[in-house]
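Colleague: input_39.txt (compact mmCIF, C-alpha atoms) pasted underneath:
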```txt
# COMPACT_ATOMS: atom_id res chain seq x y z
CA MET A 1 -39.34 -10.09 -28.22
CA SER A 2 -39.10 -9.44 -24.53
CA LYS A 3 -36.51 -12.22 -24.22
CA VAL A 4 -34.16 -10.43 -26.66
CA LYS A 5 -34.51 -7.22 -24.67
CA LYS A 6 -33.73 -9.01 -21.42
CA ASP A 7 -30.48 -10.41 -22.84
CA LYS A 8 -29.37 -6.93 -23.92
CA ASP A 9 -30.01 -5.50 -20.49
CA LYS A 10 -28.01 -8.19 -18.76
CA LYS A 11 -24.71 -7.12 -17.23
CA PRO A 12 -21.62 -8.80 -18.70
CA LYS A 13 -20.86 -11.98 -16.78
CA LYS A 14 -17.89 -11.96 -14.42
CA ALA A 15 -15.27 -14.68 -14.92
CA LYS A 16 -16.30 -18.01 -13.47
CA ARG A 17 -14.12 -19.27 -10.65
CA VAL A 18 -11.42 -21.72 -11.72
CA LYS A 19 -10.21 -23.99 -8.92
CA VAL A 20 -6.52 -24.04 -9.89
CA LYS A 21 -4.98 -21.90 -12.58
CA LYS A 22 -1.42 -21.20 -13.64
CA VAL A 23 -0.93 -17.45 -14.06
CA LYS A 24 1.88 -15.31 -15.36
CA GLY A 25 3.08 -12.76 -12.89
CA ARG A 26 5.85 -12.15 -10.41
CA TYR A 27 6.33 -14.30 -7.32
CA THR A 28 9.38 -13.37 -5.30
CA ILE A 29 10.75 -14.74 -2.06
CA THR A 30 13.42 -12.67 -0.35
CA ALA A 31 15.41 -14.46 2.30
CA GLY A 32 18.28 -12.31 3.51
CA ASN A 33 20.38 -11.49 0.49
CA LYS A 34 18.96 -14.39 -1.49
CA THR A 35 16.05 -14.00 -3.91
CA ILE A 36 13.90 -16.68 -5.48
CA ASP A 37 11.93 -15.48 -8.49
CA ARG A 38 9.12 -17.15 -10.39
CA ASP A 39 7.27 -15.74 -13.38
CA GLU A 40 4.54 -18.39 -13.26
CA PHE A 41 2.65 -19.67 -10.26
CA HIS A 42 -0.63 -21.29 -9.26
CA VAL A 43 -3.67 -19.35 -8.16
CA TYR A 44 -6.52 -21.15 -6.41
CA GLY A 45 -10.13 -20.06 -6.76
CA ILE A 46 -11.90 -20.37 -3.44
CA ASP A 47 -15.41 -19.50 -2.36
CA ILE A 48 -14.85 -17.95 1.07
CA LYS A 49 -18.43 -18.62 2.18
CA GLU A 50 -18.31 -22.28 1.18
CA ARG A 51 -14.95 -22.58 2.93
CA LYS A 52 -16.38 -21.54 6.30
CA GLU A 53 -18.30 -24.77 6.49
CA ALA A 54 -15.21 -26.88 5.83
CA GLY A 55 -12.53 -27.84 8.36
CA MET B 56 -9.73 -22.25 45.88
CA SER B 57 -6.88 -22.75 43.42
CA ARG B 58 -3.52 -23.97 44.62
CA ARG B 59 -0.31 -23.02 42.93
CA ARG B 60 1.67 -26.05 41.89
CA ALA B 61 5.43 -26.08 41.61
CA PHE B 62 6.69 -27.49 38.35
CA THR B 63 9.86 -27.54 36.35
CA VAL B 64 10.12 -25.74 33.06
CA THR B 65 12.35 -27.67 30.71
CA PRO B 66 14.66 -25.31 28.81
CA THR B 67 14.08 -25.58 25.05
CA GLY B 68 15.34 -23.72 22.00
CA VAL B 69 18.10 -21.20 21.86
CA GLY B 70 18.41 -18.07 23.96
CA ARG B 71 18.76 -17.08 27.58
CA ARG B 72 18.20 -19.66 30.28
CA ASP B 73 14.68 -19.92 31.50
CA TRP B 74 14.45 -19.07 35.20
CA SER B 75 10.68 -19.07 35.19
CA GLN B 76 10.21 -22.08 37.43
CA SER B 77 7.09 -21.95 39.60
CA ILE B 78 5.25 -19.47 37.48
CA GLU B 79 2.51 -20.37 35.08
CA LEU B 80 3.83 -18.93 31.85
CA ALA B 81 7.33 -19.02 30.46
CA VAL B 82 8.41 -17.02 27.49
CA GLN B 83 11.08 -18.65 25.41
CA ALA B 84 12.35 -17.11 22.20
CA GLU B 85 11.63 -19.44 19.30
CA VAL B 86 13.20 -17.30 16.62
CA ARG B 87 16.75 -16.29 17.29
CA SER B 88 16.99 -12.89 15.70
CA HIS B 89 15.01 -10.28 13.87
CA GLU B 90 17.92 -10.11 11.47
CA TYR B 91 16.57 -13.13 9.63
CA ARG B 92 13.63 -11.98 7.61
CA TYR B 93 11.67 -13.89 5.05
CA ASN B 94 9.36 -12.04 2.66
CA TRP B 95 6.98 -13.13 -0.05
CA ALA B 96 5.81 -10.76 -2.80
CA VAL B 97 3.39 -11.48 -5.62
CA GLU B 98 2.12 -9.35 -8.45
CA ALA B 99 -0.22 -10.57 -11.18
CA GLU B 100 -3.06 -9.61 -13.46
CA LEU B 101 -6.09 -11.70 -12.59
CA ASP B 102 -9.70 -12.22 -13.64
CA THR B 103 -12.18 -10.42 -11.45
CA TYR B 104 -14.37 -12.93 -9.72
CA ALA B 105 -17.79 -12.23 -8.30
CA PHE B 106 -18.05 -12.14 -4.50
CA PRO B 107 -17.55 -14.47 -2.57
CA ASP B 108 -15.10 -16.14 -4.98
CA THR B 109 -11.50 -15.27 -4.21
CA HIS B 110 -8.03 -15.90 -5.57
CA PHE B 111 -5.58 -17.53 -3.19
CA VAL B 112 -1.82 -18.06 -3.56
CA LEU B 113 0.35 -20.57 -1.70
CA LEU B 114 3.24 -19.34 0.40
CA GLN B 115 6.42 -21.28 -0.23
CA PHE B 116 8.96 -22.10 2.44
CA GLN B 117 12.59 -23.18 2.44
CA ASP B 118 14.11 -25.95 4.50
CA GLU B 119 17.66 -25.99 5.88
CA ALA B 120 18.93 -27.63 2.69
CA GLY B 121 17.47 -24.78 0.59
CA ASN B 122 14.63 -26.76 -0.98
CA VAL B 123 11.56 -24.64 -1.74
CA LEU B 124 8.43 -26.36 -0.44
CA ASP B 125 4.67 -25.76 -0.52
CA TYR B 126 4.43 -26.55 3.21
CA VAL B 127 6.23 -25.60 6.42
CA PRO B 128 9.36 -27.74 6.86
CA SER B 129 10.16 -29.39 10.19
CA ASP B 130 13.66 -27.95 10.50
CA VAL B 131 12.93 -24.21 10.07
CA LYS B 132 10.60 -21.91 12.01
CA TYR B 133 8.63 -19.10 10.41
CA LEU B 134 6.87 -16.37 12.36
CA ILE B 135 4.49 -14.56 10.03
CA TYR B 136 3.73 -11.06 11.30
CA ASP B 137 2.09 -8.99 8.58
CA LEU B 138 0.44 -9.08 5.21
CA PHE B 139 -0.38 -6.23 2.86
CA MET B 140 -2.64 -6.67 -0.15
CA SER B 141 -3.32 -3.96 -2.72
CA GLY B 142 -4.95 -3.64 -6.10
CA ASP B 143 -5.18 -1.04 -8.81
CA TYR B 144 -8.83 -0.05 -8.18
CA ASN B 145 -10.62 1.47 -5.24
CA ALA B 146 -12.79 -1.60 -4.89
CA LEU B 147 -13.55 -4.05 -2.11
CA THR B 148 -10.27 -5.81 -1.35
CA ILE B 149 -9.55 -8.78 0.85
CA ALA B 150 -6.44 -9.70 2.80
CA ALA B 151 -6.57 -13.14 4.36
CA LEU B 152 -4.10 -15.63 5.76
CA GLU B 153 -5.30 -19.21 6.00
CA ARG B 154 -3.89 -22.56 7.01
CA TYR B 155 -4.50 -25.74 5.01
CA SER B 156 -3.44 -29.32 5.36
CA TYR B 157 -0.89 -30.55 2.86
CA PRO B 158 -1.22 -31.86 0.18
CA LEU B 159 -4.05 -29.67 -1.09
CA VAL B 160 -6.88 -31.24 -3.01
CA LEU B 161 -6.38 -29.47 -6.32
CA THR B 162 -9.93 -30.02 -7.51
CA ASP B 163 -11.33 -28.67 -4.26
CA PRO B 164 -8.93 -26.56 -2.15
CA ASN B 165 -11.69 -26.04 0.43
CA ALA B 166 -11.42 -29.70 1.39
CA ALA B 167 -7.98 -29.06 2.91
CA PHE B 168 -8.98 -25.90 4.78
CA ILE B 169 -8.10 -25.87 8.49
CA GLU B 170 -8.42 -22.32 9.82
CA THR B 171 -8.43 -18.62 9.04
CA ILE B 172 -5.58 -16.90 10.86
CA ALA B 173 -6.82 -13.42 9.91
CA MET B 174 -9.14 -11.83 7.38
CA ILE B 175 -9.46 -8.08 6.77
CA PHE B 176 -11.44 -6.16 4.15
CA GLY B 177 -10.61 -2.73 2.78
CA TYR B 178 -10.99 -0.54 -0.27
CA GLY B 179 -8.05 -0.50 -2.66
CA SER B 180 -5.87 -2.19 -0.08
CA ALA B 181 -6.08 -4.21 3.10
CA LYS B 182 -3.51 -4.90 5.78
CA ILE B 183 -3.19 -7.59 8.43
CA LYS B 184 -0.88 -6.92 11.35
CA LEU B 185 -0.45 -9.86 13.71
CA THR B 186 0.74 -8.27 16.94
CA GLU B 187 2.12 -11.51 18.35
CA GLY B 188 2.82 -13.05 14.96
CA HIS B 189 1.74 -16.47 13.82
CA LEU B 190 4.21 -19.31 14.22
CA ALA B 191 3.74 -21.40 11.08
CA GLU B 192 2.83 -24.96 11.96
CA LEU B 193 5.06 -27.61 10.52
CA GLY B 194 3.56 -29.68 7.76
CA SER B 195 0.81 -27.12 7.05
CA ALA B 196 0.32 -25.15 3.85
CA TYR B 197 -0.49 -21.43 4.03
CA MET B 198 -2.42 -19.41 1.49
CA VAL B 199 -3.08 -15.71 1.21
CA SER B 200 -5.90 -14.08 -0.69
CA LEU B 201 -5.35 -11.85 -3.68
CA ASN B 202 -8.64 -10.32 -4.67
CA GLN B 203 -10.56 -7.20 -5.59
CA TRP B 204 -14.23 -7.26 -6.41
CA SER B 205 -14.56 -4.53 -9.02
CA GLU B 206 -16.81 -4.05 -12.05
CA LEU B 207 -13.92 -4.62 -14.43
CA ASP B 208 -12.97 -7.95 -15.97
CA GLU B 209 -9.38 -7.87 -14.77
CA PHE B 210 -7.32 -6.26 -12.06
CA THR B 211 -3.69 -6.12 -11.05
CA ALA B 212 -3.15 -7.34 -7.55
CA SER B 213 -0.14 -7.59 -5.33
CA PHE B 214 0.69 -8.71 -1.86
CA ILE B 215 3.65 -8.76 0.42
CA VAL B 216 3.98 -10.97 3.49
CA HIS B 217 6.68 -10.51 6.14
CA ALA B 218 8.00 -13.18 8.46
CA TYR B 219 10.90 -13.84 10.81
CA THR B 220 12.78 -17.07 10.48
CA ASP B 221 15.61 -18.97 12.12
CA LEU B 222 16.78 -20.07 8.70
CA MET B 223 20.35 -18.88 8.13
CA VAL B 224 19.67 -16.68 5.15
CA GLY B 225 23.02 -14.90 4.97
```
Spell out the structure here as structure tokens.

Modeller:
Amino acid sequence: MSKVKKDKDKKPKKAKRVKVKKVKGRYTITAGNKTIDRDEFHVYGIDIKERKEAG
Amino acid sequence: MSRRRAFTVTPTGVGRRDWSQSIELAVQAEVRSHEYRYNWAVEAELDTYAFPDTHFVLLQFQDEAGNVLDYVPSDVKYLIYDLFMSGDYNALTIAALERYSYPLVLTDPNAAFIETIAMIFGYGSAKIKLTEGHLAELGSAYMVSLNQWSELDEFTASFIVHAYTDLMVG
């Protein structure tokens, strides 16, 4: 019984980190009067604490 | 006691002649003009991760031939000088500029991490201003963070990065 109650009280889980993901959005590079536009690009999921130990 | 040594400074790059012989530091303009600006802007709706997980996006660079690359080309210089990150909630927000070796390890981007150029936290937005700029190192990949740690499942984030370049951009 207590287990069921515990599950109800739990906060909804945040999205789990995905290492590389293609997302829809706007990626624009402006170089002088030239513009490069992308509506899809890659997003990397990085743990910034884990990363400190690397390199 | 230190002794001052006379040495010859070899003129490099484009700009005025360097008459700084016999002094320790010589300043030589690497980028020809502030007229050549190179800006990146990104806007996307993303999943909210739990701290310390963060979204990062690669900066893309152009070479002289106009190819768009995921790393800094050898024939063009880029001087990155500021970065502004904002989101649609008043939540903890990160702005970070980091250097990675190229190619990145797609299954583990941390494996290619080299250094953090700057990292600033704010609420709703965060801004990095590099007073002397950061001259992008050739062959390296650069990533900027794009994250807000809010209670909601999704958020809309955007960033803009400004740089000077010697690329003839018209």

Colleague: Pick out the residues sitting within 6 Å of segment 35-46 of chain A, and hand them over as a ChimeraX atom specification; count all atoms listed in the file, and ignore anything fewer than 3 positions along from it in its own chain.

Modeller: /A:17-30 /B:108-112

Colleague: Could you tell me which residues of chain B sit within 6 Å of chain A when counting all atoms listed in the file, and give me the result as an MDAnalysis selection string?

Modeller: chainID B and resid 93:99 104 107:112 165 168:169 224:225

Colleague: Next, dump the selected residues to file, keeping only C-alpha atoms, as a PDB file, in the coordinates of the input.

Modeller:
```pdb
ATOM      1  CA  TYR B  93      11.670 -13.890   5.050  1.00  0.00           C
ATOM      2  CA  ASN B  94       9.360 -12.040   2.660  1.00  0.00           C
ATOM      3  CA  TRP B  95       6.980 -13.130  -0.050  1.00  0.00           C
ATOM      4  CA  ALA B  96       5.810 -10.760  -2.800  1.00  0.00           C
ATOM      5  CA  VAL B  97       3.390 -11.480  -5.620  1.00  0.00           C
ATOM      6  CA  GLU B  98       2.120  -9.350  -8.450  1.00  0.00           C
ATOM      7  CA  ALA B  99      -0.220 -10.570 -11.180  1.00  0.00           C
ATOM      8  CA  TYR B 104     -14.370 -12.930  -9.720  1.00  0.00           C
ATOM      9  CA  PRO B 107     -17.550 -14.470  -2.570  1.00  0.00           C
ATOM     10  CA  ASP B 108     -15.100 -16.140  -4.980  1.00  0.00           C
ATOM     11  CA  THR B 109     -11.500 -15.270  -4.210  1.00  0.00           C
ATOM     12  CA  HIS B 110      -8.030 -15.900  -5.570  1.00  0.00           C
ATOM     13  CA  PHE B 111      -5.580 -17.530  -3.190  1.00  0.00           C
ATOM     14  CA  VAL B 112      -1.820 -18.060  -3.560  1.00  0.00           C
ATOM     15  CA  ASN B 165     -11.690 -26.040   0.430  1.00  0.00           C
ATOM     16  CA  PHE B 168      -8.980 -25.900   4.780  1.00  0.00           C
ATOM     17  CA  ILE B 169      -8.100 -25.870   8.490  1.00  0.00           C
ATOM     18  CA  VAL B 224      19.670 -16.680   5.150  1.00  0.00           C
ATOM     19  CA  GLY B 225      23.020 -14.900   4.970  1.00  0.00           C
TER      20      GLY B 225
END
```

Colleague: To one decimal in Å, tell me the separation between atom CA of Thr220 of chain B and atom CA of Glu192 of chain B.

Modeller: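 Between these atoms lies a distance of 12.8 Å.
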
Colleague: For a test of reading the model, state the distance in Å between atom CA of Tyr126 of chain B and atom CA of Pro158 of chain B, rounded to one decimal.

Modeller: 8.3 Å

Colleague: Please provide as a PDB file with C-alpha atoms, in the frame of the given file all residues within 8 Å of Ser129 of chain B, with the sequence filter that same-chain residues fewer than 6 positions apart are discarded (counting only C-alpha atoms).

Modeller:
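So out-v8.pdb came out as:
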```
ATOM      1  CA  ASP B 118      14.110 -25.950   4.500  1.00  0.00           C
ATOM      2  CA  LEU B 193       5.060 -27.610  10.520  1.00  0.00           C
ATOM      3  CA  GLY B 194       3.560 -29.680   7.760  1.00  0.00           C
TER       4      GLY B 194
END
```

Colleague: I need segment 9-42 of chain A from the structure I supplied, saved as a compact mmCIF listing (two decimals), in the first residue's frame with N, CA and C atoms retained.

Modeller:
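This went into selection21.txt:
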```txt
# COMPACT_ATOMS: atom_id res chain seq x y z
N ASP A 9 3.40 10.22 -5.08
CA ASP A 9 4.07 11.42 -4.58
C ASP A 9 5.29 11.83 -5.40
N LYS A 10 5.79 10.89 -6.15
CA LYS A 10 7.01 11.16 -6.92
C LYS A 10 6.80 12.29 -7.93
N LYS A 11 7.81 13.12 -8.06
CA LYS A 11 7.75 14.19 -9.06
C LYS A 11 7.88 13.59 -10.45
N PRO A 12 7.28 14.19 -11.47
CA PRO A 12 7.47 13.64 -12.82
C PRO A 12 8.95 13.71 -13.20
N LYS A 13 9.39 12.62 -13.85
CA LYS A 13 10.83 12.54 -14.20
C LYS A 13 11.18 13.52 -15.30
N LYS A 14 12.32 14.17 -15.17
CA LYS A 14 12.82 15.05 -16.23
C LYS A 14 13.37 14.17 -17.35
N ALA A 15 13.42 14.72 -18.56
CA ALA A 15 13.92 13.96 -19.71
C ALA A 15 15.35 13.49 -19.45
N LYS A 16 15.61 12.25 -19.84
CA LYS A 16 16.95 11.70 -19.67
C LYS A 16 17.86 12.28 -20.76
N ARG A 17 19.09 12.53 -20.40
CA ARG A 17 20.03 13.12 -21.36
C ARG A 17 20.28 12.18 -22.54
N VAL A 18 20.20 12.76 -23.74
CA VAL A 18 20.51 11.99 -24.95
C VAL A 18 21.82 12.55 -25.46
N LYS A 19 22.77 11.69 -25.82
CA LYS A 19 24.10 12.20 -26.16
C LYS A 19 24.13 13.04 -27.44
N VAL A 20 23.47 12.57 -28.51
CA VAL A 20 23.36 13.39 -29.72
C VAL A 20 21.93 13.27 -30.22
N LYS A 21 21.35 14.40 -30.55
CA LYS A 21 19.96 14.39 -30.98
C LYS A 21 19.78 15.42 -32.08
N LYS A 22 19.01 15.05 -33.11
CA LYS A 22 18.73 16.02 -34.16
C LYS A 22 17.47 16.77 -33.73
N VAL A 23 17.52 18.08 -33.69
CA VAL A 23 16.33 18.85 -33.29
C VAL A 23 15.91 19.81 -34.39
N LYS A 24 14.61 20.11 -34.37
CA LYS A 24 14.11 21.10 -35.32
C LYS A 24 14.17 22.47 -34.64
N GLY A 25 14.66 23.42 -35.35
CA GLY A 25 14.79 24.75 -34.79
C GLY A 25 15.38 25.65 -35.85
N ARG A 26 15.98 26.74 -35.42
CA ARG A 26 16.57 27.66 -36.39
C ARG A 26 18.04 27.87 -36.05
N TYR A 27 18.89 27.55 -37.00
CA TYR A 27 20.33 27.76 -36.83
C TYR A 27 20.75 28.68 -37.96
N THR A 28 21.20 29.85 -37.64
CA THR A 28 21.55 30.82 -38.67
C THR A 28 22.98 31.31 -38.48
N ILE A 29 23.69 31.37 -39.57
CA ILE A 29 25.02 31.99 -39.57
C ILE A 29 24.92 33.22 -40.45
N THR A 30 25.35 34.36 -39.92
CA THR A 30 25.35 35.58 -40.72
C THR A 30 26.80 36.00 -40.91
N ALA A 31 27.22 36.02 -42.14
CA ALA A 31 28.58 36.42 -42.48
C ALA A 31 28.46 37.55 -43.49
N GLY A 32 28.64 38.77 -43.03
CA GLY A 32 28.45 39.92 -43.92
C GLY A 32 27.02 39.97 -44.40
N ASN A 33 26.86 40.01 -45.72
CA ASN A 33 25.50 40.04 -46.25
C ASN A 33 25.01 38.65 -46.64
N LYS A 34 25.76 37.64 -46.26
CA LYS A 34 25.41 36.26 -46.59
C LYS A 34 24.81 35.56 -45.37
N THR A 35 23.76 34.79 -45.59
CA THR A 35 23.14 34.07 -44.48
C THR A 35 23.04 32.59 -44.80
N ILE A 36 23.41 31.78 -43.83
CA ILE A 36 23.27 30.33 -43.98
C ILE A 36 22.22 29.90 -42.97
N ASP A 37 21.16 29.28 -43.43
CA ASP A 37 20.06 28.87 -42.55
C ASP A 37 19.91 27.37 -42.51
N ARG A 38 19.64 26.85 -41.33
CA ARG A 38 19.35 25.42 -41.17
C ARG A 38 18.10 25.31 -40.32
N ASP A 39 17.22 24.37 -40.65
CA ASP A 39 16.06 24.19 -39.76
C ASP A 39 16.18 22.91 -38.94
N GLU A 40 17.30 22.23 -39.10
CA GLU A 40 17.58 21.03 -38.31
C GLU A 40 19.05 21.02 -37.95
N PHE A 41 19.36 20.71 -36.73
CA PHE A 41 20.77 20.65 -36.33
C PHE A 41 20.94 19.70 -35.15
N HIS A 42 22.18 19.38 -34.84
CA HIS A 42 22.45 18.43 -33.76
C HIS A 42 22.64 19.14 -32.43
```
